[in-house]
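Each remark here refers to the structure printed beneath this line.
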Amino acid sequence: MAKTLDKRIIGDFTAAGVDFVTSVPCKQLAGTIEVLDQTPAITHVPSNKEDEGMGLCAGAYMGGMRPAIFMQNTALGVVVNTLATLIQFYQIPLPMLISYRGEVGEPVACQVEMALHTKAILNQLHIPTYHFHTLADVEELPGILAHTQMCKKPVAILTDASFWRAAT
Amino acid sequence: MIRNDVLKTLLPIIRDELVVCNIGAPSQELHALDDQPTNFYMLGTMGLSSSIGFGLALAQDKPVISIDGDGSILTNMATLSTIANNPRDNFILLIIDNGSYGSTGDQPTYAGRKTSLAAVATACGCDHVVEVDAAQTAAAVKAALEARKMTIIVSKCDSGNVQVPVIDRNPIVIRERFMEAVEA
């Protein structure tokens, strides 16, 4: 069931002009994905894998849309080449709303393994990275989305279990 | 006929259309044969020609032809289900199926053995899938453009490449030039 926070996040995306979103689901993102499908201003095309999704986003951008991808942090193990050779090489602005699994509050031990590598991978790729840990952090979202378009880079918004648990 | 021969037959049909071309030899051969601002050359990222072209078709109404290869489709095969379930009649996926990884030394792919990409596309739910011999490819692309129906074309051709230079254009120049052509 979508919460006020989910609606606020999607509202910030639409206000920033984002009109194309692809997603690979995560339990933490279920509410936002639910709101996506109720938002006529956004074309939502689910993808099977995140590198495929970034291909869709690159095409949508070249067709005049403003894309974003919603995915889990484990996907960073999939998309390193695509980020470097497509999104960064061709300078395509791409906000990535990422569920940051494996942080405090995580029930599944295996998720911690990729959490350990998440910021290291993003740092290695020189991707601007923002970590939403408390509910107030969401205030930064409109600025981050504008920044993404300005600099034409992939930008990571990591959203952890504490952030989502605080949601109403 | 090898891929380069098929591309030559396509030139009069695709010259003014939006084309997203696969990494490596396909983009290099197309670039050498007939560089056009309506061509988007992939310089990296194996497997995503289909997805980039489909994203472009979703975003605007002009016809889009993704030229892909059998090896690249095998790399990103699940995108056929994305394409099938979100059909766009301005999208044509042309799979040049030479049964080999042409850019890396013509190693055989499974598509050249038991796997039928046309059957995969059909099983994924694509409604219009045609498999043609290399010589019939241009006619199939022309027919798909005229029908204005989303079509997956599998063109069976021989393995082999021609010697052409790598593309040394700046990627952002390629992208911006292409986006101007999309908007024009």
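The chains in the structure tokens are called A, B, ... from first to last as shown; in each chain the residues are counted from 1, and the ligands are counted from 1 in the order shown.
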For segment 170-182 of chain B, please output as a PyMOL selection string all residues within 9 Å (counting only C-alpha atoms; exclusion window: fewer than 4 positions along the same chain). (chain A and resi 61-64+89-91) or (chain B and resi 18+36-43+60+62)
Take the residues that were just selected and, keeping N, CA and C atoms, output them as a short mmCIF file (atom, residue, chain, number, x, y, z; two decimals), in the first residue's frame.
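Contents of selection.cif, freshly written:
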data_model
loop_
_atom_site.label_atom_id
_atom_site.label_comp_id
_atom_site.auth_asym_id
_atom_site.auth_seq_id
_atom_site.Cartn_x
_atom_site.Cartn_y
_atom_site.Cartn_z
N TYR A 61 15.48 9.06 -23.72
CA TYR A 61 16.10 10.39 -23.62
C TYR A 61 16.35 10.98 -25.02
N MET A 62 16.86 10.13 -25.91
CA MET A 62 17.15 10.64 -27.26
C MET A 62 15.86 10.93 -28.02
N GLY A 63 14.75 10.36 -27.56
CA GLY A 63 13.46 10.65 -28.16
C GLY A 63 12.77 11.84 -27.52
N GLY A 64 13.44 12.53 -26.61
CA GLY A 64 12.90 13.75 -26.05
C GLY A 64 12.24 13.61 -24.69
N PHE A 89 29.32 7.69 -21.07
CA PHE A 89 30.06 7.96 -22.30
C PHE A 89 29.28 8.91 -23.21
N TYR A 90 27.95 8.73 -23.27
CA TYR A 90 27.12 9.58 -24.13
C TYR A 90 26.47 10.74 -23.36
N GLN A 91 26.83 10.87 -22.09
CA GLN A 91 26.31 11.96 -21.23
C GLN A 91 24.78 12.01 -21.22
N LEU B 18 15.31 6.60 -38.70
CA LEU B 18 16.11 6.56 -37.48
C LEU B 18 16.61 5.14 -37.27
N GLN B 36 25.09 8.68 -41.70
CA GLN B 36 23.94 9.60 -41.72
C GLN B 36 23.68 10.13 -40.32
N PRO B 37 23.20 11.37 -40.21
CA PRO B 37 22.87 11.89 -38.88
C PRO B 37 21.72 11.12 -38.22
N THR B 38 20.96 10.39 -39.03
CA THR B 38 19.86 9.59 -38.49
C THR B 38 20.35 8.23 -37.96
N ASN B 39 21.67 8.03 -37.96
CA ASN B 39 22.22 6.78 -37.41
C ASN B 39 22.77 7.04 -36.01
N PHE B 40 22.37 6.20 -35.07
CA PHE B 40 23.00 6.21 -33.75
C PHE B 40 23.92 5.01 -33.66
N TYR B 41 25.21 5.28 -33.53
CA TYR B 41 26.19 4.20 -33.46
C TYR B 41 26.49 3.89 -32.00
N MET B 42 26.36 2.62 -31.68
CA MET B 42 26.76 2.18 -30.34
C MET B 42 28.26 1.91 -30.36
N LEU B 43 28.96 2.57 -29.46
CA LEU B 43 30.41 2.38 -29.37
C LEU B 43 30.76 1.38 -28.27
N GLN B 60 8.76 8.68 -29.06
CA GLN B 60 8.34 9.56 -30.16
C GLN B 60 7.74 8.68 -31.28
N LYS B 62 8.24 8.74 -34.83
CA LYS B 62 8.91 8.37 -36.09
C LYS B 62 9.31 6.90 -36.04
#
Based on the backbone DSSP call, show me all residues of segment 55-125 of chain A assigned strand (DSSP E), as a ChimeraX atom specification. /A:67-72,94-100
Hey, can you spit out that residue selection with C-alpha atoms as a PDB file, in the first residue's frame?
ATOM      1  CA  PRO A  67      13.948   9.124 -17.972  1.00  0.00           C
ATOM      2  CA  ALA A  68      14.661   7.635 -14.551  1.00  0.00           C
ATOM      3  CA  ILE A  69      15.286   4.121 -13.271  1.00  0.00           C
ATOM      4  CA  PHE A  70      14.100   2.561 -10.023  1.00  0.00           C
ATOM      5  CA  MET A  71      16.148  -0.441  -8.895  1.00  0.00           C
ATOM      6  CA  GLN A  72      17.795  -2.265  -6.029  1.00  0.00           C
ATOM      7  CA  LEU A  94      19.732   9.488 -15.349  1.00  0.00           C
ATOM      8  CA  PRO A  95      18.395   9.680 -11.813  1.00  0.00           C
ATOM      9  CA  MET A  96      18.580   6.256 -10.186  1.00  0.00           C
ATOM     10  CA  LEU A  97      16.226   5.760  -7.241  1.00  0.00           C
ATOM     11  CA  ILE A  98      17.915   2.849  -5.498  1.00  0.00           C
ATOM     12  CA  SER A  99      16.660   0.793  -2.590  1.00  0.00           C
ATOM     13  CA  TYR A 100      19.709   0.401  -0.380  1.00  0.00           C
TER      14      TYR A 100
END
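Atom CA of Leu122 of chain A is positioned 10.7 Å from atom CA of Gly77 of chain A.
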Contact set, chain B to chain A: 8 Å, only C-alpha atoms, as a JSON list (two decimals) with C-alpha atoms, in the first residue's frame:
[["chain", "number", "residue", "atom", "x", "y", "z"],
["B", 43, "LEU", "CA", 30.41, 2.38, -29.37],
["B", 44, "GLY", "CA", 30.01, 0.09, -26.36],
["B", 45, "THR", "CA", 27.47, -1.83, -24.29],
["B", 48, "LEU", "CA", 21.40, -2.92, -25.87],
["B", 49, "SER", "CA", 20.71, -1.88, -29.48],
["B", 51, "SER", "CA", 16.47, -1.73, -25.91],
["B", 52, "ILE", "CA", 17.83, 1.69, -26.93],
["B", 53, "GLY", "CA", 15.86, 1.58, -30.18],
["B", 54, "PHE", "CA", 12.74, 0.47, -28.38],
["B", 55, "GLY", "CA", 13.07, 3.26, -25.80],
["B", 56, "LEU", "CA", 13.37, 5.72, -28.68],
["B", 57, "ALA", "CA", 10.26, 4.27, -30.34],
["B", 58, "LEU", "CA", 8.32, 4.59, -27.08],
["B", 59, "ALA", "CA", 9.30, 8.24, -26.73],
["B", 60, "GLN", "CA", 8.34, 9.56, -30.16],
["B", 76, "ASN", "CA", 19.77, -9.35, -23.81],
["B", 78, "ALA", "CA", 14.62, -10.89, -22.14],
["B", 79, "THR", "CA", 14.10, -7.52, -23.80],
["B", 82, "THR", "CA", 9.52, -6.10, -22.85],
["B", 86, "ASN", "CA", 4.56, -2.83, -24.78],
["B", 171, "PRO", "CA", 30.09, 9.90, -28.54],
["B", 172, "ILE", "CA", 28.43, 13.14, -27.50],
["B", 175, "ARG", "CA", 24.29, 11.55, -29.68],
["B", 178, "PHE", "CA", 21.21, 11.99, -33.72],
["B", 179, "MET", "CA", 18.91, 13.89, -31.34],
["B", 182, "VAL", "CA", 15.06, 12.86, -34.21],
["B", 183, "GLU", "CA", 13.63, 16.32, -33.61]]
Residue with smallest distance to Ile121 of chain A - pool A:Arg165, A:His147, A:Ala156, A:Asp6, counting only C-alpha atoms: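 The shortest atom-to-atom distance to Ile121 of chain A comes from A:Ala156.
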What is the distance, in Å and to one decimal place, between atom CA of Asp133 of chain B and atom CA of Ile2 of chain B? 11.1 Å
Using the chain letters and numbers from this document, which residues of chain A does DSSP assign to alpha helix (DSSP H), as a ChimeraX atom specification? /A:4-15,30-36,50-62,76-82,109-124,141-151,161-165
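Comparing A:Met1, A:Ala16, A:Leu36, A:Ala161 by their smallest distance to Thr134 of chain A, the closest is A:Ala161 (using only C-alpha atoms).
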